[in-house]
Each structure stands twice: as C-alpha cells, then as structure tokens.
Amino acid sequence: MSIDLYAPCPCGSGKKFKWCCQPIHVLIDKAFRLDSEGQHDAALKSMEEVCAQHGDNPEVWGRKALLLYQMGKAEEAEDALEKAFALNPKYPFGFYLRGRFRHVEGEIRGALLLFRKAVESYDPIATGILAQLQSLIADCEWRLNRPLAARAALRMMVRLDPANPSNAEIQEGYFGKESGLPSAATKEYTLRALPDSAAPDIKTAWTDCLEKAATGALNDAAKAFEELTTRFPQEPAAWYNLGLAKAWQGDNAAALTALQSAVELDTDEERAAEAWNLAEVVLLGDRMQDHADHVRHTVIFQVRDMDRLFNCFRGMEEGRRLLGMKASPEEGLLTGIVLEKVQGLTLEHTASKAPRLGAYLTVAGPFLRLSNTDRASVQAVADEIRTATAGALSEGNWQSGPPNFVEILSEALVFPIYAADEQEASRKVVEYFASYMEEHWIHKPLKSLGNVAPIDAAGHGVLRRKLRGIIQFLADCTARLAGQYDYDKLRRKLGLLGGAAAAPAAPGLAVDYSAMSTPELASLQVESLPDNGLEQAFQSALKLDASELAAKFARTLLSRPAAAGADRFPQVSHLIRQALAEGKTDEALAALAEGETLDSAHNEGKRAAEYAQRRGQIHAKRGEIDQAMAAFERMIAAAPNELRFQGSAAEAMLSAKQPDKALHFAEGGLKKSRQQNNRDSEQYFQELASAARKQSV
Ligand SMILES: [Zn+2]
C-alpha cells in the first residue's frame with residue numbers, strides 16, 4: 001500500500017499519515033506483501049511482531065483483522081477487531097472493515113449501520129475513504145429498495161471526491177436507462193419552495209431553515225425541517241421537505257409519516273398527488289411491509305435431490321410452463337418464470353387462455369426460491385413442485401419483503417404463450433391487465449387508503465389525492481409491461497378525470513358507457529338513452545358495484561317494450577337479487593313473474609330453466625316447499641343435463657331443512673354425473689347426499 005505521506009491517515013484519526021501510522025505501516029506492508037506472495041505463515045508471524053511492538057495502536061489490530069480475513073479466518077479477524085475497539089470504541093477503520101465483512105456476508109442492514117457509523121467517526125478531511133463509504137452506503141440502500149437514499153449517498157460521494165473518473169459510471173450503473181426503474185424511483189427530487197402567499201414569520205423561519213440544511217449533511221436538513229414542522233405544523237411544503245429529507249436518510253417510516261401530513265394538509269390536488277406518488281416509492285422500501293400494498297412473498301426450500309427437481313422442470317417445460325430459463329454456471333444460478341397451471345376443458349380452451357405468472361424461480365446452490373406478489377400463486381407452484389418431486393424438497397421457509405418496482409403488479413400479468421404473433425400477444429396482455437385493474441383492483445381495499453377500495457376513495461378529499469398519486473405511481477411502474485394500457489380509462493372509471501361528465505352523444509357517435517365512472521353513469525339521462533346504451537350502462541354499473549344505479553337502468557329497460565329476441569334475464573336477475581338482499585321476497589317474486597312473461601313472449605323461453613331455479617330458491621326460502629318442488633321439477637325438465645341445476649335444488653332444500661327432498665335431488669344429480677362420467681360432480685353430489693342423510697337423523 002503506498003499512501004501519500006501528507007494524506008489523512010487511513011486509520012481515520014484525521015492526522016496526516018506521516019505523523020500518525022506511517023512508521024508501523026512499513027511493517028504492516030511487509031506482512032501483506034508476504035501474504036500476496038503465498039507466504040501466509042510468514043505474513044502472520046510478521047504481523048504478530050507488529051502487534052507485539054505497537055499493541056497500543058488500534059490500527060495494527062485493524063490491519064491484522066484485514067489480513068486474517070483475507071486468509072479466510074473470519075472469526076479470528078473479528079477477535080482482532082475487538083481488540084482494536086477496546087483501545088478505541090470509535091475506531092473508524094474498524095467500523096469500515098466490520099461493515100465490509102457484513103456486506104460480503106449479505107448482511108446488508110448490519111453493513112449499512114456500520115458504514116454510517118464509520119462516516120460519523122472518520123475525520124472529515126479523509127475524503128477519499130469517506131467517498132468510498134458513501135458508495136458502499138449507496139449499494140446497501142439500493143439493495144434495501146431505497147433508491148432516494150442511494151441517490152443521496154452517491155451525491156455525497158461525488159461531492160467528497162469530485163475528480164474521481166469512475167463517479168459517472170457508478171451513478172449510471174444505478175440510475176441509468178439500463179436500470180429499468182420507473183422515473184418515480186430514479187428522478188432527482190428537490191425541496192419544495194414556500195408558497196408566495198405564506199405569512200412573513202414562516203418566510204423568515206424558512207430562509208433560516210434552508211441555510212441550516214445547506215451543509216449537505218442529511219442530518220442537518222432533516223433536523224431543520226423537523227424544527228419547521230414543529231413551529232408551523234399547518235404548512236404542507238415543510239412536511240413534504242421533511243419527508244424528502246428523511247427518505248434521503250433512508251428513514252422511510254419517518255418519511256411516510258411526514259408525507260402523510262403533507263397530503264392531508266395540501267388542498268392542491270395535483271401537488272398532493274405528487275407527494276403521495278413519492279410516498280408510494282417510500283412504501284416499497286425495506287421493512288415497510290406492514291404499511292405497503294405491494295409485498296413480495298418468497299418461499300425457500302433446501303433441495304435434497306437435484307435430479308428429481310430438474311425432472312420436474314423438464315415436465316413443466318414440456319407443458320410450456322417454464323419461461324426464460326437462464327443458467328449462469330459461474331454464479332451457480334438458475335433463474336426463470338413458472339406459469340400458473342391453466343385448467344381448460346379442452347385443448348383448444350386451454351390454448352385460448354393466457355396463463356398468469358405463477359412464480360419467479362431461482363435455484364442458487366442447494367436452494368430453490370419461488371416468489372411473487374401474490375402469495376396464493378407462490379403457494380400453488382410450491383405445492384405442485386413439492387408433490388412432483390416427492391421428498392426432494394425440505395419444508396418451505398417463507399419470507400416477505402419489498403418487490404422490485406417493476407414487479408408490483410405481477411398478479412395482473414399474463415403470458416400469452418399460444419398467441420399467433422407479437423401483436424396478438426401484447427393485445428392479450430393489455431386486455432387482461434385492463435380487466436384486472438378495472439374489475440378487480442378498483443374494489444380491492446388498499447392499506448395506502450386506510451383499507452378503503454379505490455372505487456370508494458374517489459369521493460373523499462384526502463383519499464382522492466392519495467388515489468391519484470397511487471395511480472400515477474402504478475402507471476409509471478408498469479409502463480413496460482402494460483405499456484399500451486390507458487390509465488385514463490381507470491381514472492375515468494374512478495371519477496378522477498376532473499368533473500368531466502359524459503359528453504352528450506352527438507348523433508351517430510358511439511358513446512363508450514363501459515368506460516364511465518359512477519358519477520358519470522349517475523348523470524346520464526336514462527329516458528334519452530337507446531336500449532343498447534341502457535344495457536351497457538347497466539353492465540358498467542354492475543361492475544362498479546353501483547347496485548342502485550344498475551337497478552335504475554334495469555327498471556327503465558324493463559318498462560320499455562321489448563324487441564324480439566331481447567334477453568332481459570340479467571336485469572331481472574339483478575332486481576331479484578336486490579330485493580332478496582333487502583329481505584323483500586314478495587318484490588322478488590313480482591320481478592320474477594315479469595321476467596318469466598317477457599322471456600316466453602320475446603325470447604322463446606330460453607331462460608325458462610334459470611327462472612324456474614330462482615323461483616324454486618325463493619319459495620324454498622319462504623318455506624313454501626310444494627311450490628319450490630314444482631318449480632325445481634320444471635327446471636330439471638327444461639334442462640335435464642345441466643348438473644348445476646340439480647345441485648342448486650339440493651342445496652336449497654338442505655337450507656330449508658328438507659333432507660328427504662334434498663336427497664332426492666342429490667341422488668338424481670349423482671346418477672347423471674355417473675352417466676356423464678364427471679368425477680368432480682360425482683364427488684360434489686356425494687357430499688350433498690351425505691349432508692342430507694346427516695340432516696335427516
Ligand atoms: Zn493513523
């Protein structure tokens with residue numbers, strides 16, 4: 001090691017090397033030279049001599065630790081470091097070295113703590129090693145999914161060692177185009193300015209605060225804004241800046257709390273949404289799972305028999321269930337994607353369905369790792385592989401952590417493996433993605449929204465701002481995988497696109513009722529809508545869970561004269577459901593009678609079996625068993641081969657405590673399912689029959 005005599009001593013004392021550890025480093029260098037020449041014993045002996053002569057200087061123990069670690073003697077290295085810390089509990093090189101040990105072991109959280117301690121204990125003039133420490137901190141923060149903290153550390157690195165030619169390359173490696181990260185994670189965030197309208201006393205305090213924050217030390221910035229939010233707790237810009245400063249420090253929990261206040265206080269929806277977009281980035285950080293909507297679930301198995309595992313993979317590969325398998329033998333890694341098992345009724349049916357992601361798969365050394373943001377999908381793949389490899393895998397060990405930014409909606413991903421060409425494939429991906437977002441996601445309670453579903457959040461001031469931020473973030477993260485999906489469709493459905501009510505349809509211009517939000521649907525003039533418009537509006541309202549609205553469309557439609565071939569079953573069915581939900585069985589029967597009349601007059605009685613089924617169910621519920629039986633018999637006569645009808649009759653009779661009648665339908669179904677050779681149904685009817693027998697005892 002050749003160190004400039006007038007450079008800061010590497011021990012971290014802050015003294016120049018020449019007047020600090022230079023004399024002993026001559027001896028230390030000799031030991032390292034011997035080691036590099038393969039003379040390990042001699043090297044160690046020489047190092048021990050240095051320790052004997054200069055045992056009161058922690059630097060000799062620190063260097064001994066380094067030498068031992070290089071020789072693969074990790075435990076002895078730790079012992080030597082202990083001796084160094086006994087002499088100086090804040091020995092800077094000791095923190096650095098111990099941090100390196102943890103880093104190599106993959107103990108990232110521990111390494112990060114030690115690197116931060118090292119930064120505090122090195123003398124500020126030791127800019128070279130401090131820059132290196134910031135680069136290591138950036139790496140740790142990066143692995144803990146905290147890109148803002150990583151970026152802040154890199155900024156410090158450049159500030160400490162601006163002339164280092166590798167700075168640009170290091171930054172590019174994390175945040176360049178190749179990173180694949182969404183812009184929410186890679187962009188440079190800046191502190192917000194105080195609005196011009198702010199009171200003079202805040203303005204003065206604000207200027208003082210910015211001066212204190214300008215040192216470049218992250219602690220100073222966070223402290224300054226902490227003070228400011230204590231003095232002026234109503235100022236959203238101060239909370240935003242505090243959140244940002246905390247995120248730069250890697251303190252995501254504190255950042256989240258501050259951003260929460262910023263969004264609550266800020267009535268400017270656009271600006272508040274941006275603050276929440278940042279909060280979503282923060283939520284993807286390490287150890288934020290309790291508050292996060294996106295969590296990666298991983299199960300790890302120890303593989304006892306690799307051959308059996310690879311046999312299983314081959315089987316999956318033949319079934320086109322494994323994608324993108326890649327081996328990197330030098331790292332001992334195998335990675336790929338397992339697709340969900342598609343159960344189609346026929347080969348054609350299977351081929352028409354694009355499978356969803358089952359799990360990301362990694363084989364590293366003797367370990368198999370499966371992960372996905374959807375725990376049930378991982379579980380299904382894990383169960384399948386465990387069964388197929390019979391005993392080749394240990395018990396699974398579950399872990400959860402933050403997913404990569406681009407993985408957050410992997411449950412909405414399908415892989416159209418049977419698509420004819422790329423165009424069809426990407427169309428299918430976008431189609432599925434759209435249906436997931438617009439039919440499933442909008443009803444899913446989100447932790448970010450205090451367990452309120454997006455569809456219910458849009459009408460509430462604070463939740464609405466957050467929701468806008470969430471969608472902004474999702475659009476950013478999924479730009480690659482569902483790039484052609486138009487998030488405005490989702491925003492519109494949720495009523496987030498301003499107050500833009502549906503434009504009145506110009507003559508000859510088709511209106512897309514399927515894209516409308518609840519308020520838009522509610523504002524439609526039902527009388528002026530054409531029949532097919534009412535039908536579409538009815539369907540949209542159903543998908544949005546707007547039950548009352550759907551009923552309104554249904555009633556309007558039923559009040560109009562029906563055209564030949566008009567099927568009004570969906571509307572009638574909804575009205576029945578609604579009446580039953582309110583316990584109004586008379587009303588349900590009235591709607592049912594109207595539906596039956598319409599069906600036989602205009603629809604060739606195509607829904608006779610379904611209406612008879614509803615009738616049977618309602619009468620059974622009312623305890624009118626004879627009428628129920630008559631309806632069910634009519635139902636079976638109308639559709640003798642539909643097993644689900646027999647099943648529903650048996651279930652209704654079980655609920656009505658009529659075991660003999662339930663048994664009658666169960667046995668009828670059992671007979672039919674045997675004739676049809678339908679094993680699943682057979683089992684189902686057997687269960688129904690045994691439930692009926694139990695009830696009659
Ligand atoms: Zn020194």
# chains A, B, ... in the order shown; residues from 1 in each chain; ligands from 1
$ residues_around --residues "segment 315-317 of chain A" --least-positions-apart "6" --cutoff "12 Å" --atoms "only C-alpha atoms" --output "PyMOL selection string"
chain A and resi 308-309+323-325+336-341+381+384-385+388-389
$ select_by_dssp --residues "segment 11-244 of chain A" --states "alpha helix (DSSP H)" --output "number ranges by chain"
A: 22-36, 40-54, 58-70, 74-87, 92-105, 108-121, 127-143, 147-160, 167-175, 183-186, 200-213, 218-231, 236-244
$ residues_near_ligand --ligand "ligand 1" --cutoff "9 Å" --atoms "only C-alpha atoms and all ligand atoms" --output "count of residues only"
18
$ residues_around --residues "segment 274-280 of chain A" --least-positions-apart "5" --cutoff "8 Å" --atoms "only C-alpha atoms" --output "short mmCIF file (atom, residue, chain, number, x, y, z; two decimals) with N, CA, C and O atoms, in the first residue's frame"
data_model
loop_
_atom_site.label_atom_id
_atom_site.label_comp_id
_atom_site.auth_asym_id
_atom_site.auth_seq_id
_atom_site.Cartn_x
_atom_site.Cartn_y
_atom_site.Cartn_z
N ALA A 184 -40.26 7.50 -11.01
CA ALA A 184 -40.50 7.87 -9.61
C ALA A 184 -39.34 7.45 -8.72
O ALA A 184 -39.07 8.08 -7.71
N TYR A 240 -43.60 18.11 3.36
CA TYR A 240 -43.06 17.43 2.18
C TYR A 240 -41.54 17.39 2.24
O TYR A 240 -40.92 16.35 2.03
N ALA A 255 -40.30 9.18 6.85
CA ALA A 255 -40.66 9.87 5.60
C ALA A 255 -42.15 9.69 5.32
O ALA A 255 -42.84 10.64 4.95
N LEU A 256 -42.64 8.48 5.53
CA LEU A 256 -44.05 8.20 5.26
C LEU A 256 -44.97 9.07 6.13
O LEU A 256 -45.93 9.66 5.65
N LEU A 259 -44.94 12.64 4.85
CA LEU A 259 -45.65 12.80 3.57
C LEU A 259 -47.16 12.69 3.76
O LEU A 259 -47.95 13.35 3.10
N GLN A 260 -47.53 11.84 4.70
CA GLN A 260 -48.94 11.70 5.04
C GLN A 260 -49.51 13.06 5.44
O GLN A 260 -50.56 13.49 4.96
N ALA A 262 -48.25 15.98 4.69
CA ALA A 262 -48.21 16.88 3.53
C ALA A 262 -49.46 16.70 2.67
O ALA A 262 -50.07 17.67 2.24
N VAL A 263 -49.86 15.44 2.47
CA VAL A 263 -51.03 15.17 1.61
C VAL A 263 -52.32 15.60 2.30
O VAL A 263 -53.23 16.14 1.68
N ARG A 465 -56.75 12.44 -3.23
CA ARG A 465 -55.39 12.90 -3.58
C ARG A 465 -54.44 11.71 -3.57
O ARG A 465 -53.61 11.55 -4.46
N LYS A 466 -54.58 10.87 -2.56
CA LYS A 466 -53.70 9.70 -2.48
C LYS A 466 -53.93 8.78 -3.67
O LYS A 466 -52.99 8.28 -4.29
N GLY A 469 -52.20 9.86 -6.63
CA GLY A 469 -50.77 9.56 -6.51
C GLY A 469 -50.49 8.08 -6.75
O GLY A 469 -49.51 7.72 -7.41
N ILE A 470 -51.34 7.22 -6.23
CA ILE A 470 -51.16 5.78 -6.39
C ILE A 470 -51.21 5.41 -7.87
O ILE A 470 -50.36 4.66 -8.38
N GLN A 472 -50.75 7.33 -10.46
CA GLN A 472 -49.57 7.90 -11.13
C GLN A 472 -48.38 6.94 -10.97
O GLN A 472 -47.66 6.64 -11.91
N PHE A 473 -48.21 6.46 -9.75
CA PHE A 473 -47.11 5.56 -9.45
C PHE A 473 -47.24 4.23 -10.19
O PHE A 473 -46.29 3.74 -10.80
#
$ select_by_dssp --residues "segment 309-555 of chain A" --states "strand (DSSP E or B)" --output "JSON list (two decimals) with N, CA, C and O atoms, in the first residue's frame"
[["chain", "number", "residue", "atom", "x", "y", "z"],
["A", 322, "LEU", "N", -42.57, -23.26, -18.17],
["A", 322, "LEU", "CA", -41.36, -22.56, -17.74],
["A", 322, "LEU", "C", -40.94, -21.60, -18.84],
["A", 322, "LEU", "O", -40.86, -21.98, -20.01],
["A", 323, "LEU", "N", -40.65, -20.38, -18.47],
["A", 323, "LEU", "CA", -40.24, -19.39, -19.46],
["A", 323, "LEU", "C", -38.90, -18.79, -19.07],
["A", 323, "LEU", "O", -38.60, -18.64, -17.89],
["A", 324, "GLY", "N", -38.13, -18.42, -20.10],
["A", 324, "GLY", "CA", -36.92, -17.63, -19.88],
["A", 324, "GLY", "C", -35.92, -18.26, -18.93],
["A", 324, "GLY", "O", -35.28, -17.55, -18.15],
["A", 325, "MET", "N", -35.79, -19.59, -18.98],
["A", 325, "MET", "CA", -34.83, -20.22, -18.07],
["A", 325, "MET", "C", -33.42, -19.82, -18.49],
["A", 325, "MET", "O", -33.05, -19.90, -19.65],
["A", 326, "LYS", "N", -32.65, -19.37, -17.49],
["A", 326, "LYS", "CA", -31.31, -18.90, -17.79],
["A", 326, "LYS", "C", -30.37, -19.44, -16.72],
["A", 326, "LYS", "O", -30.65, -19.34, -15.54],
["A", 327, "ALA", "N", -29.27, -20.03, -17.18],
["A", 327, "ALA", "CA", -28.30, -20.55, -16.22],
["A", 327, "ALA", "C", -27.05, -19.69, -16.25],
["A", 327, "ALA", "O", -26.59, -19.31, -17.32],
["A", 328, "SER", "N", -26.56, -19.31, -15.08],
["A", 328, "SER", "CA", -25.23, -18.69, -15.04],
["A", 328, "SER", "C", -24.37, -19.55, -14.13],
["A", 328, "SER", "O", -24.36, -19.36, -12.93],
["A", 333, "LEU", "N", -26.21, -20.15, -10.55],
["A", 333, "LEU", "CA", -27.59, -19.65, -10.51],
["A", 333, "LEU", "C", -28.40, -20.16, -11.69],
["A", 333, "LEU", "O", -27.89, -20.30, -12.79],
["A", 334, "LEU", "N", -29.67, -20.43, -11.42],
["A", 334, "LEU", "CA", -30.60, -20.76, -12.48],
["A", 334, "LEU", "C", -31.85, -19.92, -12.22],
["A", 334, "LEU", "O", -32.39, -19.94, -11.12],
["A", 335, "THR", "N", -32.28, -19.15, -13.22],
["A", 335, "THR", "CA", -33.46, -18.31, -13.00],
["A", 335, "THR", "C", -34.48, -18.52, -14.10],
["A", 335, "THR", "O", -34.12, -18.94, -15.20],
["A", 336, "GLY", "N", -35.72, -18.26, -13.80],
["A", 336, "GLY", "CA", -36.77, -18.37, -14.80],
["A", 336, "GLY", "C", -38.12, -18.01, -14.21],
["A", 336, "GLY", "O", -38.21, -17.51, -13.09],
["A", 337, "ILE", "N", -39.14, -18.28, -15.00],
["A", 337, "ILE", "CA", -40.50, -17.93, -14.59],
["A", 337, "ILE", "C", -41.38, -19.18, -14.71],
["A", 337, "ILE", "O", -41.32, -19.88, -15.72],
["A", 338, "VAL", "N", -42.14, -19.48, -13.68],
["A", 338, "VAL", "CA", -43.11, -20.57, -13.75],
["A", 338, "VAL", "C", -44.48, -19.97, -13.99],
["A", 338, "VAL", "O", -44.88, -19.05, -13.27],
["A", 339, "LEU", "N", -45.18, -20.50, -14.97],
["A", 339, "LEU", "CA", -46.53, -20.00, -15.24],
["A", 339, "LEU", "C", -47.55, -20.82, -14.46],
["A", 339, "LEU", "O", -47.34, -21.99, -14.15],
["A", 356, "ARG", "N", -51.38, -16.88, -16.12],
["A", 356, "ARG", "CA", -50.81, -15.81, -15.31],
["A", 356, "ARG", "C", -49.46, -16.25, -14.77],
["A", 356, "ARG", "O", -49.09, -17.42, -14.83],
["A", 357, "LEU", "N", -48.75, -15.29, -14.20],
["A", 357, "LEU", "CA", -47.48, -15.61, -13.58],
["A", 357, "LEU", "C", -47.71, -16.47, -12.35],
["A", 357, "LEU", "O", -48.56, -16.14, -11.51],
["A", 358, "GLY", "N", -47.00, -17.60, -12.27],
["A", 358, "GLY", "CA", -47.09, -18.42, -11.06],
["A", 358, "GLY", "C", -46.08, -17.93, -10.04],
["A", 358, "GLY", "O", -46.43, -17.48, -8.96],
["A", 359, "ALA", "N", -44.80, -17.98, -10.45],
["A", 359, "ALA", "CA", -43.76, -17.50, -9.54],
["A", 359, "ALA", "C", -42.46, -17.27, -10.31],
["A", 359, "ALA", "O", -42.22, -17.91, -11.32],
["A", 360, "TYR", "N", -41.70, -16.33, -9.81],
["A", 360, "TYR", "CA", -40.31, -16.21, -10.27],
["A", 360, "TYR", "C", -39.53, -17.31, -9.57],
["A", 360, "TYR", "O", -39.74, -17.57, -8.38],
["A", 361, "LEU", "N", -38.65, -17.94, -10.32],
["A", 361, "LEU", "CA", -37.95, -19.10, -9.79],
["A", 361, "LEU", "C", -36.44, -18.85, -9.79],
["A", 361, "LEU", "O", -35.91, -18.31, -10.76],
["A", 362, "THR", "N", -35.77, -19.22, -8.72],
["A", 362, "THR", "CA", -34.31, -19.16, -8.68],
["A", 362, "THR", "C", -33.78, -20.42, -8.02],
["A", 362, "THR", "O", -34.29, -20.81, -6.97],
["A", 363, "VAL", "N", -32.80, -21.04, -8.64],
["A", 363, "VAL", "CA", -32.07, -22.10, -7.96],
["A", 363, "VAL", "C", -30.67, -21.56, -7.72],
["A", 363, "VAL", "O", -29.98, -21.20, -8.67],
["A", 364, "ALA", "N", -30.29, -21.43, -6.46],
["A", 364, "ALA", "CA", -28.97, -20.93, -6.11],
["A", 364, "ALA", "C", -28.34, -21.93, -5.16],
["A", 364, "ALA", "O", -28.84, -22.13, -4.07],
["A", 367, "PHE", "N", -30.46, -24.33, -2.96],
["A", 367, "PHE", "CA", -31.74, -23.73, -2.58],
["A", 367, "PHE", "C", -32.63, -23.40, -3.78],
["A", 367, "PHE", "O", -32.15, -22.91, -4.79],
["A", 368, "LEU", "N", -33.90, -23.68, -3.61],
["A", 368, "LEU", "CA", -34.90, -23.29, -4.60],
["A", 368, "LEU", "C", -35.72, -22.16, -3.99],
["A", 368, "LEU", "O", -36.20, -22.26, -2.87],
["A", 369, "ARG", "N", -35.83, -21.06, -4.75],
["A", 369, "ARG", "CA", -36.58, -19.90, -4.25],
["A", 369, "ARG", "C", -37.70, -19.57, -5.21],
["A", 369, "ARG", "O", -37.48, -19.50, -6.41],
["A", 370, "LEU", "N", -38.92, -19.42, -4.69],
["A", 370, "LEU", "CA", -40.07, -19.05, -5.52],
["A", 370, "LEU", "C", -40.66, -17.77, -4.95],
["A", 370, "LEU", "O", -40.82, -17.66, -3.75],
["A", 371, "SER", "N", -41.00, -16.82, -5.84],
["A", 371, "SER", "CA", -41.57, -15.59, -5.30],
["A", 371, "SER", "C", -42.56, -14.95, -6.25],
["A", 371, "SER", "O", -42.51, -15.15, -7.46],
["A", 372, "ASN", "N", -43.47, -14.19, -5.66],
["A", 372, "ASN", "CA", -44.47, -13.44, -6.42],
["A", 372, "ASN", "C", -45.11, -12.46, -5.44],
["A", 372, "ASN", "O", -45.03, -12.66, -4.23],
["A", 393, "LEU", "N", -37.65, -31.89, -1.58],
["A", 393, "LEU", "CA", -37.54, -30.55, -1.02],
["A", 393, "LEU", "C", -37.81, -30.56, 0.49],
["A", 393, "LEU", "O", -38.65, -31.31, 0.97],
["A", 397, "ASN", "N", -39.53, -22.27, 3.74],
["A", 397, "ASN", "CA", -39.33, -21.19, 4.69],
["A", 397, "ASN", "C", -39.82, -19.89, 4.03],
["A", 397, "ASN", "O", -39.27, -19.47, 3.03],
["A", 398, "TRP", "N", -40.88, -19.32, 4.59],
["A", 398, "TRP", "CA", -41.49, -18.13, 3.96],
["A", 398, "TRP", "C", -40.87, -16.85, 4.45],
["A", 398, "TRP", "O", -40.54, -16.72, 5.63],
["A", 399, "GLN", "N", -40.71, -15.92, 3.51],
["A", 399, "GLN", "CA", -40.21, -14.60, 3.86],
["A", 399, "GLN", "C", -41.00, -13.57, 3.09],
["A", 399, "GLN", "O", -41.54, -13.86, 2.04],
["A", 400, "SER", "N", -41.04, -12.36, 3.62],
["A", 400, "SER", "CA", -41.66, -11.32, 2.81],
["A", 400, "SER", "C", -40.76, -10.10, 2.81],
["A", 400, "SER", "O", -40.00, -9.87, 3.74],
["A", 401, "GLY", "N", -40.84, -9.37, 1.72],
["A", 401, "GLY", "CA", -40.00, -8.18, 1.58],
["A", 401, "GLY", "C", -40.54, -7.34, 0.45],
["A", 401, "GLY", "O", -41.57, -7.67, -0.14],
["A", 414, "VAL", "N", -50.28, -11.62, -17.65],
["A", 414, "VAL", "CA", -50.47, -12.92, -18.29],
["A", 414, "VAL", "C", -49.41, -13.11, -19.37],
["A", 414, "VAL", "O", -48.81, -12.16, -19.85],
["A", 446, "LEU", "N", -57.18, -0.91, -0.06],
["A", 446, "LEU", "CA", -55.73, -0.67, -0.07],
["A", 446, "LEU", "C", -55.28, -0.09, 1.28],
["A", 446, "LEU", "O", -55.95, 0.78, 1.84],
["A", 452, "VAL", "N", -59.60, 1.36, 2.40],
["A", 452, "VAL", "CA", -60.75, 1.71, 1.58],
["A", 452, "VAL", "C", -60.40, 1.31, 0.15],
["A", 452, "VAL", "O", -59.25, 1.37, -0.27]]
$ residues_around --residues "Arg146 of chain A" --least-positions-apart "5" --cutoff "7 Å" --atoms "only C-alpha atoms" --output "number ranges by chain"
A: 141, 250, 285
$ write_last_selection --atoms "all heavy atoms" --output "CSV table (one decimal), in the first residue's frame"
chain,number,residue,atom,x,y,z
A,141,GLU,N,-28.3,0.8,0.5
A,141,GLU,CA,-29.6,1.4,0.4
A,141,GLU,C,-30.3,0.9,-0.9
A,141,GLU,O,-31.5,0.7,-0.9
A,141,GLU,CB,-29.5,3.0,0.3
A,141,GLU,CG,-28.9,3.6,1.6
A,141,GLU,CD,-30.0,3.6,2.7
A,141,GLU,OE1,-31.0,2.9,2.6
A,141,GLU,OE2,-29.7,4.2,3.7
A,250,GLY,N,-32.8,7.4,4.3
A,250,GLY,CA,-33.1,6.0,4.4
A,250,GLY,C,-34.1,5.7,5.5
A,250,GLY,O,-34.3,4.6,5.9
A,285,GLY,N,-39.8,0.5,0.3
A,285,GLY,CA,-38.5,0.2,1.0
A,285,GLY,C,-38.5,-0.9,1.9
A,285,GLY,O,-39.6,-1.5,2.3
$ residues_around --residues "Tyr432 of chain A" --least-positions-apart "2" --cutoff "8 Å" --atoms "only C-alpha atoms" --output "list in words"
Ala412, Leu413, Val414, Lys428, Val429, Val430, Ala434, Ser435 and Tyr436 of chain A
